[in-house]
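Structure data (compact mmCIF, C-alpha atoms) from my_file.txt:
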```txt
# COMPACT_ATOMS: atom_id res chain seq x y z
CA MET A 992 -63.46 -33.48 -11.68
CA ALA A 993 -63.21 -35.80 -14.65
CA THR A 994 -60.99 -38.09 -12.62
CA VAL A 995 -63.54 -38.43 -9.86
CA ALA A 996 -66.26 -39.08 -12.38
CA GLN A 997 -64.18 -41.87 -13.81
CA TRP A 998 -63.36 -43.34 -10.42
CA TRP A 999 -66.90 -43.81 -9.32
CA ARG A 1000 -67.68 -45.71 -12.47
CA TRP A 1001 -65.24 -48.47 -11.53
CA MET A 1002 -67.49 -50.50 -9.32
CA PRO A 1003 -70.63 -50.40 -11.44
CA ALA A 1004 -68.63 -51.53 -14.48
CA SER A 1005 -67.18 -54.43 -12.51
CA ALA A 1006 -70.62 -55.32 -11.25
CA GLU A 1007 -71.94 -55.33 -14.82
CA ALA A 1008 -69.16 -57.65 -15.92
CA THR A 1009 -69.91 -60.01 -13.03
CA GLN A 1010 -73.61 -59.99 -13.88
CA GLU A 1011 -72.78 -60.84 -17.47
CA ASP A 1012 -70.69 -63.74 -16.22
CA ALA A 1013 -73.52 -64.95 -14.05
CA ARG A 1014 -75.93 -64.88 -16.98
CA GLY A 1015 -73.42 -66.80 -19.06
CA GLY A 1016 -72.95 -63.78 -21.24
CA LYS A 1017 -69.81 -62.88 -23.09
CA ARG A 1018 -67.20 -61.12 -21.02
CA THR A 1019 -64.62 -60.05 -23.57
CA VAL A 1020 -61.00 -60.52 -22.55
CA ALA A 1021 -59.19 -59.00 -25.46
CA SER A 1022 -55.57 -59.78 -26.10
CA GLU A 1023 -52.96 -57.11 -26.61
CA SER A 1024 -53.07 -57.54 -30.39
CA GLU A 1025 -56.86 -57.18 -30.48
CA LEU A 1026 -57.00 -54.10 -28.37
CA SER A 1027 -55.08 -50.99 -29.23
CA GLU A 1028 -53.39 -49.06 -26.49
CA ARG A 1029 -55.73 -46.13 -26.79
CA LYS A 1030 -58.83 -48.25 -26.56
CA LEU A 1031 -57.39 -50.01 -23.55
CA ILE A 1032 -56.82 -46.68 -21.82
CA GLU A 1033 -60.36 -45.57 -22.66
CA ARG A 1034 -61.77 -48.75 -21.16
CA CYS A 1035 -59.65 -48.26 -18.05
CA LEU A 1036 -60.96 -44.72 -17.74
CA ARG A 1037 -64.52 -46.04 -17.96
CA GLY A 1038 -63.71 -48.25 -14.97
CA ASP A 1039 -63.57 -51.59 -16.73
CA GLN A 1040 -61.79 -53.96 -14.36
CA THR A 1041 -60.90 -56.38 -17.16
CA ALA A 1042 -59.10 -53.58 -18.95
CA TRP A 1043 -57.11 -52.85 -15.81
CA GLU A 1044 -56.11 -56.50 -15.56
CA LEU A 1045 -54.92 -56.33 -19.14
CA LEU A 1046 -53.06 -53.09 -18.55
CA VAL A 1047 -51.22 -54.60 -15.58
CA SER A 1048 -50.38 -57.75 -17.51
CA VAL A 1049 -49.09 -55.76 -20.50
CA HIS A 1050 -47.03 -53.14 -18.67
CA GLY A 1051 -46.40 -54.82 -15.30
CA ARG A 1052 -43.38 -56.81 -16.41
CA ARG A 1053 -41.59 -53.79 -17.87
CA VAL A 1054 -42.30 -51.62 -14.83
CA TYR A 1055 -41.16 -54.35 -12.44
CA SER A 1056 -38.05 -55.01 -14.53
CA ILE A 1057 -37.04 -51.34 -14.49
CA CYS A 1058 -37.63 -51.17 -10.74
CA LEU A 1059 -35.71 -54.36 -10.04
CA ARG A 1060 -32.74 -53.38 -12.20
CA PHE A 1061 -32.65 -49.90 -10.69
CA THR A 1062 -33.03 -50.83 -7.01
CA GLY A 1063 -31.43 -54.26 -7.09
CA ASN A 1064 -33.90 -55.36 -4.44
CA PRO A 1065 -36.94 -57.53 -5.33
CA ALA A 1066 -39.02 -56.45 -2.33
CA GLN A 1067 -38.46 -52.76 -3.03
CA ALA A 1068 -39.11 -53.34 -6.71
CA GLU A 1069 -42.47 -54.96 -5.92
CA ASP A 1070 -43.46 -52.09 -3.63
CA ILE A 1071 -42.54 -49.46 -6.20
CA THR A 1072 -44.30 -51.37 -9.00
CA GLN A 1073 -47.44 -51.43 -6.92
CA GLU A 1074 -47.09 -47.72 -6.22
CA VAL A 1075 -46.63 -47.03 -9.92
CA PHE A 1076 -49.95 -48.66 -10.80
CA LEU A 1077 -51.74 -46.85 -7.99
CA ARG A 1078 -50.38 -43.61 -9.42
CA VAL A 1079 -51.53 -44.67 -12.87
CA PHE A 1080 -54.99 -45.32 -11.47
CA ARG A 1081 -55.14 -41.90 -9.84
CA SER A 1082 -53.73 -39.90 -12.73
CA LEU A 1083 -54.69 -41.82 -15.86
CA ALA A 1084 -57.10 -39.05 -16.80
CA SER A 1085 -54.13 -36.69 -17.14
CA TYR A 1086 -52.52 -38.90 -19.79
CA ARG A 1087 -52.58 -37.31 -23.26
CA PRO A 1088 -51.92 -39.76 -26.12
CA GLU A 1089 -50.84 -36.96 -28.44
CA GLU A 1090 -47.92 -36.16 -26.09
CA GLY A 1091 -46.41 -39.64 -26.41
CA SER A 1092 -47.11 -43.32 -26.05
CA PHE A 1093 -48.47 -44.82 -22.86
CA THR A 1094 -45.23 -46.80 -22.52
CA VAL A 1095 -43.26 -43.57 -22.33
CA TRP A 1096 -45.78 -42.08 -19.89
CA ILE A 1097 -45.68 -45.02 -17.51
CA THR A 1098 -41.89 -45.24 -17.84
CA ARG A 1099 -41.63 -41.59 -16.83
CA LEU A 1100 -43.91 -42.23 -13.86
CA THR A 1101 -41.80 -45.21 -12.82
CA ARG A 1102 -38.59 -43.26 -13.21
CA ASN A 1103 -39.90 -40.40 -11.05
CA LEU A 1104 -40.88 -42.80 -8.28
CA LEU A 1105 -37.52 -44.53 -8.52
CA ILE A 1106 -35.67 -41.24 -8.22
CA ASP A 1107 -37.80 -40.33 -5.18
CA HIS A 1108 -36.99 -43.71 -3.67
CA TYR A 1109 -33.29 -43.29 -4.46
CA ARG A 1110 -33.18 -39.90 -2.74
CA ARG A 1111 -34.95 -41.23 0.35
CA ALA A 1112 -32.62 -44.22 0.49
CA ARG A 1113 -29.57 -41.97 0.12
CA MET A 1114 -30.72 -39.81 3.02
CA GLU A 1115 -31.18 -42.94 5.14
CA ARG A 1116 -27.75 -44.21 4.14
CA LEU A 1117 -26.17 -40.90 5.13
CA SER A 1118 -27.76 -41.16 8.56
CA ASP A 1119 -26.58 -44.77 9.01
CA SER A 1120 -23.32 -45.56 10.72
CA LEU A 1121 -20.39 -47.23 8.99
CA GLU A 1122 -21.05 -50.43 10.96
CA ASP A 1123 -24.30 -50.92 9.09
CA HIS A 1124 -22.36 -50.99 5.82
CA LEU A 1125 -19.77 -53.56 6.81
CA PRO A 1126 -21.73 -56.61 5.58
CA LYS A 1127 -22.34 -54.87 2.26
CA LEU A 1128 -18.65 -54.05 1.86
CA GLU A 1129 -17.76 -57.69 2.54
CA GLU A 1130 -20.34 -58.85 0.02
CA GLN A 1131 -18.95 -56.41 -2.54
CA ALA A 1132 -15.44 -57.71 -1.95
CA ALA A 1133 -16.68 -61.25 -2.53
CA VAL A 1134 -18.12 -60.21 -5.87
CA GLU A 1135 -15.03 -58.34 -6.90
CA THR A 1136 -12.73 -61.30 -6.32
CA ARG A 1137 -14.79 -63.52 -8.59
CA THR A 1138 -12.79 -64.62 -11.63
CA ASP A 1139 -15.21 -66.94 -13.37
CA GLY A 1140 -15.59 -65.76 -16.93
CA MET A 1141 -18.23 -68.29 -17.95
CA LEU A 1142 -21.28 -66.94 -16.27
CA VAL A 1143 -24.73 -68.01 -17.32
CA GLY A 1144 -28.35 -67.00 -16.81
CA ARG A 1145 -29.04 -66.21 -13.20
CA GLU A 1146 -25.38 -65.50 -12.41
CA VAL A 1147 -25.24 -62.93 -15.20
CA SER A 1148 -28.40 -61.36 -13.86
CA GLU A 1149 -27.11 -61.19 -10.30
CA LEU A 1150 -23.73 -59.83 -11.34
CA LEU A 1151 -25.37 -57.25 -13.59
CA GLN A 1152 -27.65 -56.26 -10.73
CA LYS A 1153 -24.66 -55.60 -8.48
CA ALA A 1154 -22.71 -53.82 -11.21
CA LEU A 1155 -25.64 -51.51 -11.97
CA GLN A 1156 -25.68 -50.33 -8.37
CA HIS A 1157 -22.21 -48.87 -8.93
CA LEU A 1158 -23.46 -46.52 -11.66
CA SER A 1159 -24.94 -43.12 -10.93
CA PRO A 1160 -28.77 -43.03 -11.15
CA GLU A 1161 -28.67 -41.00 -14.39
CA LEU A 1162 -26.39 -43.46 -16.17
CA ARG A 1163 -28.16 -46.46 -14.66
CA GLU A 1164 -31.63 -45.46 -15.80
CA THR A 1165 -30.40 -44.72 -19.32
CA LEU A 1166 -28.68 -48.07 -19.64
CA ILE A 1167 -31.67 -49.96 -18.22
CA LEU A 1168 -34.12 -48.31 -20.60
CA ARG A 1169 -31.95 -48.83 -23.68
CA ASP A 1170 -30.05 -52.07 -23.19
CA LEU A 1171 -32.46 -54.00 -20.99
CA GLU A 1172 -35.88 -52.63 -21.95
CA HIS A 1173 -34.92 -51.83 -25.56
CA LEU A 1174 -36.69 -48.47 -25.74
CA GLU A 1175 -35.97 -46.19 -28.70
CA TYR A 1176 -33.68 -43.21 -28.17
CA LYS A 1177 -36.62 -40.86 -28.74
CA GLU A 1178 -38.72 -42.68 -26.17
CA ILE A 1179 -35.92 -42.54 -23.58
CA ALA A 1180 -35.45 -38.84 -24.28
CA SER A 1181 -39.16 -38.26 -23.81
CA ALA A 1182 -39.37 -40.37 -20.65
CA LEU A 1183 -36.36 -38.69 -19.04
CA ARG A 1184 -37.17 -35.25 -20.51
CA ILE A 1185 -33.67 -34.78 -21.88
CA PRO A 1186 -32.39 -34.25 -25.45
CA GLU A 1187 -31.67 -37.31 -27.55
CA GLY A 1188 -28.00 -36.33 -27.76
CA THR A 1189 -27.75 -36.41 -23.98
CA VAL A 1190 -29.29 -39.89 -23.98
CA LYS A 1191 -26.58 -41.14 -26.35
CA SER A 1192 -23.84 -39.44 -24.40
CA ARG A 1193 -25.08 -40.90 -21.10
CA LEU A 1194 -25.42 -44.31 -22.66
CA ASN A 1195 -21.80 -44.23 -23.84
CA ARG A 1196 -20.59 -43.29 -20.39
CA ALA A 1197 -22.81 -45.87 -18.73
CA ARG A 1198 -21.60 -48.68 -20.97
CA ALA A 1199 -17.96 -47.63 -20.62
CA GLU A 1200 -18.20 -47.49 -16.82
CA LEU A 1201 -19.98 -50.82 -16.68
CA GLY A 1202 -17.41 -52.35 -19.03
CA ARG A 1203 -14.52 -51.09 -16.90
CA LEU A 1204 -16.18 -52.50 -13.80
CA LEU A 1205 -16.76 -55.89 -15.41
CA ARG A 1206 -13.19 -55.95 -16.67
CA SER A 1207 -11.92 -55.25 -13.16
CA TRP A 1208 -13.99 -58.24 -11.99
CA ASN A 1209 -12.42 -60.41 -14.73
CA VAL A 1210 -15.74 -60.93 -16.45
CA SER A 1211 -15.54 -61.81 -20.11
CA PRO A 1212 -18.33 -61.02 -22.61
CA MET B 934 -13.89 -36.19 -36.96
CA THR B 935 -13.17 -35.31 -33.32
CA CYS B 936 -13.87 -37.23 -30.09
CA ALA B 937 -16.82 -34.91 -29.42
CA ASP B 938 -18.25 -35.67 -32.86
CA ILE B 939 -18.22 -39.42 -32.45
CA ASP B 940 -19.76 -39.23 -28.98
CA GLN B 941 -23.16 -39.08 -30.68
CA LEU B 942 -22.35 -42.06 -32.89
CA LEU B 943 -20.66 -44.47 -30.52
CA SER B 944 -23.82 -45.92 -28.96
CA GLU B 945 -25.14 -47.00 -32.36
CA TYR B 946 -21.65 -48.12 -33.43
CA VAL B 947 -21.46 -50.41 -30.41
CA GLU B 948 -24.91 -51.80 -31.18
CA GLY B 949 -23.89 -52.38 -34.79
CA THR B 950 -26.67 -50.23 -36.25
CA LEU B 951 -24.56 -47.36 -37.57
CA GLY B 952 -24.74 -46.79 -41.33
CA GLY B 953 -21.83 -47.52 -43.71
CA GLY B 954 -20.31 -44.05 -44.25
CA LEU B 955 -20.50 -42.98 -40.63
CA ARG B 956 -19.25 -46.34 -39.49
CA GLN B 957 -16.07 -45.95 -41.58
CA GLN B 958 -15.51 -42.47 -40.20
CA VAL B 959 -15.83 -43.74 -36.64
CA GLU B 960 -13.45 -46.62 -37.34
CA ALA B 961 -10.95 -44.21 -38.89
CA HIS B 962 -11.08 -42.08 -35.73
CA LEU B 963 -10.73 -45.12 -33.48
CA GLU B 964 -7.54 -46.12 -35.26
CA GLU B 965 -6.04 -42.76 -34.36
CA CYS B 966 -7.48 -42.21 -30.86
CA ALA B 967 -6.46 -44.65 -28.12
CA GLY B 968 -8.84 -43.11 -25.56
CA CYS B 969 -11.90 -43.59 -27.73
CA ARG B 970 -10.69 -47.09 -28.69
CA GLN B 971 -10.54 -48.09 -25.02
CA MET B 972 -13.93 -46.54 -24.37
CA VAL B 973 -15.49 -48.48 -27.25
CA ALA B 974 -13.88 -51.71 -26.04
CA ASP B 975 -15.35 -51.20 -22.55
CA ALA B 976 -18.75 -50.26 -23.99
CA GLN B 977 -18.78 -53.32 -26.23
CA LEU B 978 -17.92 -55.57 -23.31
CA ALA B 979 -20.78 -54.08 -21.27
CA TRP B 980 -23.25 -54.25 -24.14
CA GLN B 981 -22.45 -57.89 -24.91
CA PHE B 982 -22.67 -58.79 -21.22
CA VAL B 983 -26.01 -57.05 -20.77
CA GLN B 984 -27.45 -58.88 -23.79
CA ARG B 985 -26.78 -62.18 -22.00
CA ALA B 986 -28.91 -61.21 -19.00
CA PRO B 987 -32.25 -63.08 -18.97
CA GLU B 988 -35.48 -61.12 -19.09
CA VAL B 989 -37.02 -60.30 -15.74
CA THR B 990 -40.36 -62.01 -15.15
CA LEU B 991 -43.20 -60.49 -13.20
CA PRO B 992 -43.89 -62.40 -9.95
CA PRO B 993 -47.39 -63.92 -10.29
CA LEU B 994 -48.45 -62.80 -6.83
CA LEU B 995 -47.49 -59.22 -7.64
CA THR B 996 -50.16 -59.00 -10.35
CA ASN B 997 -52.81 -60.14 -7.88
CA SER B 998 -51.52 -57.73 -5.27
CA ILE B 999 -51.64 -54.79 -7.71
CA LEU B 1000 -55.19 -55.64 -8.80
CA PHE B 1001 -56.29 -56.05 -5.19
CA HIS B 1002 -54.95 -52.61 -4.28
CA LEU B 1003 -56.51 -51.06 -7.37
CA THR B 1004 -59.90 -52.53 -6.45
CA ARG B 1005 -59.57 -51.28 -2.90
CA GLU B 1006 -58.59 -47.85 -4.16
CA ALA B 1007 -61.61 -47.84 -6.46
CA SER B 1008 -64.04 -48.94 -3.76
CA ALA B 1009 -62.81 -46.05 -1.61
CA TYR B 1010 -64.46 -43.77 -4.14
CA ARG B 1011 -68.06 -44.78 -3.80
CA SER B 1012 -70.78 -43.17 -5.81
CA GLY B 1013 -73.75 -41.18 -4.55
CA LEU B 1014 -74.15 -38.36 -2.10
CA TRP B 1015 -72.63 -40.29 0.79
CA GLY B 1016 -69.55 -41.15 -1.27
CA TRP B 1017 -69.19 -37.53 -2.30
CA LEU B 1018 -69.55 -36.42 1.31
CA GLU B 1019 -66.94 -38.96 2.42
CA ARG B 1020 -64.49 -37.70 -0.18
CA PHE B 1021 -65.25 -34.10 0.75
CA LEU B 1022 -64.70 -34.71 4.46
CA GLU B 1023 -61.84 -37.19 4.03
CA PRO B 1024 -59.07 -34.68 4.89
CA VAL B 1025 -61.00 -33.60 7.98
CA LEU B 1026 -61.88 -37.07 9.27
CA GLN B 1027 -58.32 -38.03 10.01
CA PRO B 1028 -57.07 -38.99 13.50
CA ARG B 1029 -54.34 -36.38 13.26
CA PHE B 1030 -56.86 -33.68 12.45
CA ALA B 1031 -59.18 -34.76 15.29
CA MET B 1032 -56.24 -34.72 17.72
CA GLY B 1033 -55.21 -31.30 16.48
CA MET B 1034 -58.73 -29.96 16.91
CA ALA B 1035 -58.96 -31.40 20.44
CA MET B 1036 -55.65 -29.81 21.42
CA THR B 1037 -56.70 -26.47 19.92
CA ILE B 1038 -59.99 -26.46 21.82
CA LEU B 1039 -58.19 -27.42 25.05
CA SER B 1040 -55.61 -24.67 24.56
CA ILE B 1041 -58.27 -22.05 23.85
CA SER B 1042 -60.34 -23.09 26.84
CA LEU B 1043 -57.30 -22.97 29.14
CA LEU B 1044 -56.37 -19.60 27.73
CA GLY B 1045 -59.92 -18.38 28.28
CA ARG B 1046 -59.96 -19.72 31.80
CA PHE B 1047 -56.82 -17.86 32.80
CA ALA B 1048 -57.00 -14.78 30.61
CA LEU B 1049 -60.69 -13.99 30.42
CA GLY B 1050 -62.22 -15.49 33.59
CA PRO B 1051 -62.72 -13.55 36.84
CA GLN B 1052 -59.46 -13.43 38.75
CA ARG B 1053 -59.30 -13.36 42.54
CA PRO B 1054 -56.65 -10.88 43.63
CA ARG B 1055 -53.68 -12.69 45.14
CA ARG B 1056 -52.00 -11.49 48.26
CA TRP B 1057 -48.34 -11.75 49.23
CA GLU B 1058 -49.25 -13.65 52.40
CA GLU B 1059 -50.56 -16.52 50.34
CA LEU B 1060 -47.08 -17.14 48.92
CA HIS B 1061 -45.47 -17.69 52.35
CA PRO B 1062 -43.78 -21.15 52.37
CA VAL B 1063 -45.42 -22.19 55.62
CA ARG B 1064 -48.81 -21.30 54.29
CA VAL B 1065 -48.18 -23.04 50.97
CA TRP B 1066 -46.91 -26.16 52.76
CA SER B 1067 -49.88 -26.25 55.12
CA GLY B 1068 -52.19 -25.87 52.14
CA VAL B 1069 -50.52 -28.83 50.39
CA GLN B 1070 -50.76 -30.90 53.59
CA LEU B 1071 -54.41 -30.05 53.98
CA GLN B 1072 -55.10 -31.04 50.41
CA ALA B 1073 -53.16 -34.30 50.80
CA ARG B 1074 -55.08 -35.11 54.00
CA ARG B 1075 -58.37 -34.50 52.24
CA VAL B 1076 -57.40 -36.78 49.38
CA THR B 1077 -56.18 -39.49 51.79
CA ASN B 1078 -59.37 -39.29 53.84
CA ALA B 1079 -61.47 -39.50 50.69
CA LEU B 1080 -59.56 -42.57 49.58
CA VAL B 1081 -59.84 -44.23 52.99
CA ARG B 1082 -63.55 -43.48 53.13
CA GLN B 1083 -63.98 -44.93 49.68
CA TYR B 1084 -62.05 -48.04 50.68
CA GLU B 1085 -64.12 -48.46 53.85
CA ASP B 1086 -67.34 -48.07 51.94
CA LEU B 1087 -66.23 -50.67 49.45
CA ARG B 1088 -65.22 -53.05 52.23
CA VAL B 1089 -68.60 -52.72 53.96
CA VAL B 1090 -70.40 -53.30 50.70
CA TRP B 1091 -68.25 -56.31 50.00
CA GLU B 1092 -68.89 -57.76 53.47
CA ILE B 1093 -72.63 -57.25 53.18
CA ARG B 1094 -72.67 -58.88 49.80
CA ASN B 1095 -70.63 -61.83 51.09
CA ARG B 1096 -72.89 -62.27 54.06
CA LEU B 1097 -75.98 -62.22 51.87
CA GLU B 1098 -74.46 -64.80 49.57
CA GLN B 1099 -73.64 -67.06 52.53
CA TRP B 1100 -77.22 -66.82 53.81
CA ALA B 1101 -78.58 -67.52 50.38
CA GLU B 1102 -76.31 -70.56 50.18
CA GLN B 1103 -77.45 -71.82 53.55
CA VAL B 1104 -81.11 -71.41 52.64
CA ARG B 1105 -80.52 -73.24 49.38
CA ASN B 1106 -78.80 -76.13 51.20
CA THR B 1107 -81.56 -76.53 53.74
CA THR B 1108 -84.27 -76.63 51.07
CA ASP B 1109 -82.34 -79.10 48.91
CA GLU B 1110 -81.65 -81.59 51.76
CA PRO B 1111 -83.95 -84.71 51.63
CA VAL B 1112 -86.17 -85.30 54.69
CA VAL B 1113 -84.77 -88.32 56.56
CA GLU B 1114 -86.87 -89.98 59.30
CA GLN B 1115 -85.11 -90.09 62.60
CA ARG B 1116 -84.98 -93.46 64.25
CA PRO B 1117 -84.20 -93.97 67.91
CA ALA B 1118 -80.97 -95.75 68.51
CA GLY B 1119 -81.34 -99.49 69.23
CA SER B 1120 -84.99 -99.86 68.12
CA GLU B 1121 -85.49 -102.40 65.31
CA GLU B 1122 -89.18 -101.90 64.69
CA PRO B 1123 -90.51 -98.64 63.44
CA PRO B 1124 -92.51 -96.80 66.07
CA GLN B 1125 -96.23 -97.51 66.01
CA GLU B 1126 -98.83 -94.84 65.67
CA GLY B 1127 -99.69 -93.19 68.95
CA GLU B 1128 -96.71 -94.89 70.65
CA ASN B 1129 -94.18 -92.67 72.30
CA PRO B 1130 -90.63 -93.36 71.36
```

Kindly return the structure encoded in the file as structure tokens.
Amino acid sequence: MATVAQWWRWMPASAEATQEDARGGKRTVASESELSERKLIERCLRGDQTAWELLVSVHGRRVYSICLRFTGNPAQAEDITQEVFLRVFRSLASYRPEEGSFTVWITRLTRNLLIDHYRRARMERLSDSLEDHLPKLEEQAAVETRTDGMLVGREVSELLQKALQHLSPELRETLILRDLEHLEYKEIASALRIPEGTVKSRLNRARAELGRLLRSWNVSP
Amino acid sequence: MTCADIDQLLSEYVEGTLGGGLRQQVEAHLEECAGCRQMVADAQLAWQFVQRAPEVTLPPLLTNSILFHLTREASAYRSGLWGWLERFLEPVLQPRFAMGMAMTILSISLLGRFALGPQRPRRWEELHPVRVWSGVQLQARRVTNALVRQYEDLRVVWEIRNRLEQWAEQVRNTTDEPVVEQRPAGSEEPPQEGENP
């Protein structure tokens, strides 16, 4: 019931902000440093559209990055990122700051959607014929025969993207959250709902597998 | 220190954040254990490679798209009694639900027609093939006659309408034509008043 009460407030708040603009009044666009996370959430819950814009700008990049690294497909990553923020909008009232930071909460939400997407995609792949996979196998072979050790920027990103797809989803998500998004071990454990020891163990395995793969592709550090 | 013990320390060792004492213990184990040494080498290669990857940037259009969808989602939840009613009836006012309801009503009515309505007792004679065939023929003839009659009626109506339009056209032409004085052939002077042509 609280959620509905917060939803209906969205439009009036936006209208107020627009009216303030029209009167030449001050419409405060606070930066991340000025506005604490909790206050930002409270403003979002009150239906402040400016706060939502800020929330998307603060957390959008991380969510999109996780989605892109996990799926390896920009279009899918954009779709899932959009879905994540719609879920945030619908269930923000259920967020409890005392249970963890908002970053962990939104990371968990993203991870759950990614796992759902992975399962759906796997079912579709199982129902596909081998002929549908032939182009992918050829592309993979092209990557594997690459011997250039001096990769830079975009090439590193593309190669990493392809290498990540070879890891299992559990290892992939752990490596993305730690090595690419630089989350703390505790935060990863909280987001994935696993013990911190398991996070470290998975991270070791993920790095070792990725290293072996890169070595087989003749990629130097 | 065993392989299982250093499993919890390797990630930080690879990152270079492991404290002095533990670091020495791990290094001592790595000197003895070839398997762990290889694992650490692979992990270090991966970690160094991943650090070279550039940060992903958020596509600018994606932000706009997200905000657009959020606004649309919010506007779907309008305030007031009507908004509340819409939300309350939202699950019911779906095309699938309407279709389901229509099919249910149709099924119940058909069931009622056959199960509950007055039934005329059937006789065995009615199922004779000749009788059934003649019945079908009779029905087909009725339908054909109805169609032919309909077609004839339409044709007559069309002809009448066409005829009326032609007459209307003729009348319009005669009224629009300018009145031209008729002159007798060969006469140069116009006829005088009271003179017969």

Any chance you could tabulate, as CSV, the residues of chain B at most 6 Å from chain A with each one's nearest atom pair and distance in Å to one decimal, using only C-alpha atoms, in chain and rising number order?
```
residue,atom,partner,partner_atom,distance
B:Gln941,CA,A:Lys1191,CA,5.9
B:Ser944,CA,A:Asn1195,CA,5.8
B:Met972,CA,A:Ala1199,CA,5.6
B:Asp975,CA,A:Gly1202,CA,4.2
B:Ala976,CA,A:Ala1199,CA,4.3
B:Leu978,CA,A:Gly1202,CA,5.4
B:Ala979,CA,A:Gly1202,CA,4.4
B:Gln981,CA,A:Pro1212,CA,5.7
B:Phe982,CA,A:Pro1212,CA,5.1
B:Ala986,CA,A:Ser1148,CA,5.2
B:Pro987,CA,A:Gly1144,CA,5.9
B:Val989,CA,A:Ser1056,CA,5.5
B:Leu991,CA,A:Arg1052,CA,4.9
B:Ile999,CA,A:Gln1073,CA,5.4
B:Tyr1010,CA,A:Trp999,CA,5.7
B:Arg1011,CA,A:Trp999,CA,5.7
B:Ser1012,CA,A:Trp999,CA,5.3
```

| said: Between A:Thr1165, A:Ser1181, A:Thr1041, A:Ser1207, which residue has the minimum interatomic distance to Leu1003 of chain B, considering all atoms listed in the file? | reply: A:Thr1041

| request: Identify which of the residues A:Arg1102, A:Arg1111, A:Arg1087, A:Lys1030 lies closest to Glu1161 of chain A, counting only C-alpha atoms when measuring atom-to-atom distances. | output: A:Arg1102

| field | Interatomic distance (Å, one decimal) between atom CA of Arg1055 of chain B and atom CA of Ala1073 of chain B | value |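 Pair atom CA of Arg1055 of chain B / atom CA of Ala1073 of chain B returns 22.3 Å.
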
| query | Interatomic distance between atom CA of Asp938 of chain B and atom CA of Ala1180 of chain A? | reply |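 Atom CA of Ala1180 of chain A lies 19.5 Å from atom CA of Asp938 of chain B.
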
| request: Would you mind reading off the distance between atom CA of Pro992 of chain B and atom CA of Asn1064 of chain A, one decimal, in Å? | output: 13.4 Å

Enclose segment 1061-1078 of chain B, meaning all of its atoms listed in the file, in a box aligned along x, y and z, pad it by 3 Å on each side, and list the centre and edge lengths in Å to one decimal, as lines of an AutoDock Vina configuration file.
```
center_x = -51.6
center_y = -28.6
center_z = 52.5
size_x = 21.6
size_y = 27.8
size_z = 12.2
```

I'd like the neighbourhood of segment 959-965 of chain B as a PDB file with C-alpha atoms, keeping the file's coordinate frame, where a residue qualifies if any of its atoms comes within 8 Å (using only C-alpha atoms), though same-chain residues fewer than 2 positions away should be ignored.
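This is the output file part-v3.pdb:
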```pdb
ATOM      1  CA  MET B 934     -13.890 -36.190 -36.960  1.00  0.00           C
ATOM      2  CA  THR B 935     -13.170 -35.310 -33.320  1.00  0.00           C
ATOM      3  CA  CYS B 936     -13.870 -37.230 -30.090  1.00  0.00           C
ATOM      4  CA  ILE B 939     -18.220 -39.420 -32.450  1.00  0.00           C
ATOM      5  CA  LEU B 942     -22.350 -42.060 -32.890  1.00  0.00           C
ATOM      6  CA  LEU B 943     -20.660 -44.470 -30.520  1.00  0.00           C
ATOM      7  CA  TYR B 946     -21.650 -48.120 -33.430  1.00  0.00           C
ATOM      8  CA  LEU B 955     -20.500 -42.980 -40.630  1.00  0.00           C
ATOM      9  CA  ARG B 956     -19.250 -46.340 -39.490  1.00  0.00           C
ATOM     10  CA  GLN B 957     -16.070 -45.950 -41.580  1.00  0.00           C
ATOM     11  CA  ALA B 967      -6.460 -44.650 -28.120  1.00  0.00           C
ATOM     12  CA  CYS B 969     -11.900 -43.590 -27.730  1.00  0.00           C
ATOM     13  CA  ARG B 970     -10.690 -47.090 -28.690  1.00  0.00           C
TER      14      ARG B 970
END
```

| Which neighbours of Gln1156 of chain A fall inside 9 Å, counting all atoms listed in the file, when residues of the same chain fewer than 6 positions from it are skipped, and could you give them as a list of chain:residue names? |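 Using all atoms listed in the file, the neighbours found are A:Arg1060, A:Phe1061, A:Thr1062, A:Gly1063, A:Arg1163.
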
Just save segment 1059-1080 of chain B with C-alpha atoms, as a tab-separated table (two decimals), in the first residue's frame.
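Output (out_15.tsv):
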```tsv
chain	number	residue	atom	x	y	z
B	1059	GLU	CA	-34.59	-39.40	-39.40
B	1060	LEU	CA	-31.11	-40.93	-39.56
B	1061	HIS	CA	-31.76	-42.74	-42.87
B	1062	PRO	CA	-29.09	-41.63	-45.41
B	1063	VAL	CA	-31.64	-40.84	-48.10
B	1064	ARG	CA	-33.59	-38.69	-45.72
B	1065	VAL	CA	-30.46	-36.94	-44.45
B	1066	TRP	CA	-29.26	-36.31	-48.01
B	1067	SER	CA	-32.63	-34.96	-49.12
B	1068	GLY	CA	-32.65	-32.69	-46.08
B	1069	VAL	CA	-29.19	-31.35	-46.99
B	1070	GLN	CA	-30.29	-30.82	-50.60
B	1071	LEU	CA	-33.40	-29.00	-49.48
B	1072	GLN	CA	-31.37	-26.76	-47.24
B	1073	ALA	CA	-28.83	-26.07	-50.00
B	1074	ARG	CA	-31.65	-25.22	-52.43
B	1075	ARG	CA	-33.15	-22.82	-49.93
B	1076	VAL	CA	-29.83	-21.09	-49.42
B	1077	THR	CA	-29.20	-20.90	-53.18
B	1078	ASN	CA	-32.66	-19.48	-53.82
B	1079	ALA	CA	-32.18	-16.91	-51.08
B	1080	LEU	CA	-28.88	-15.86	-52.59
```
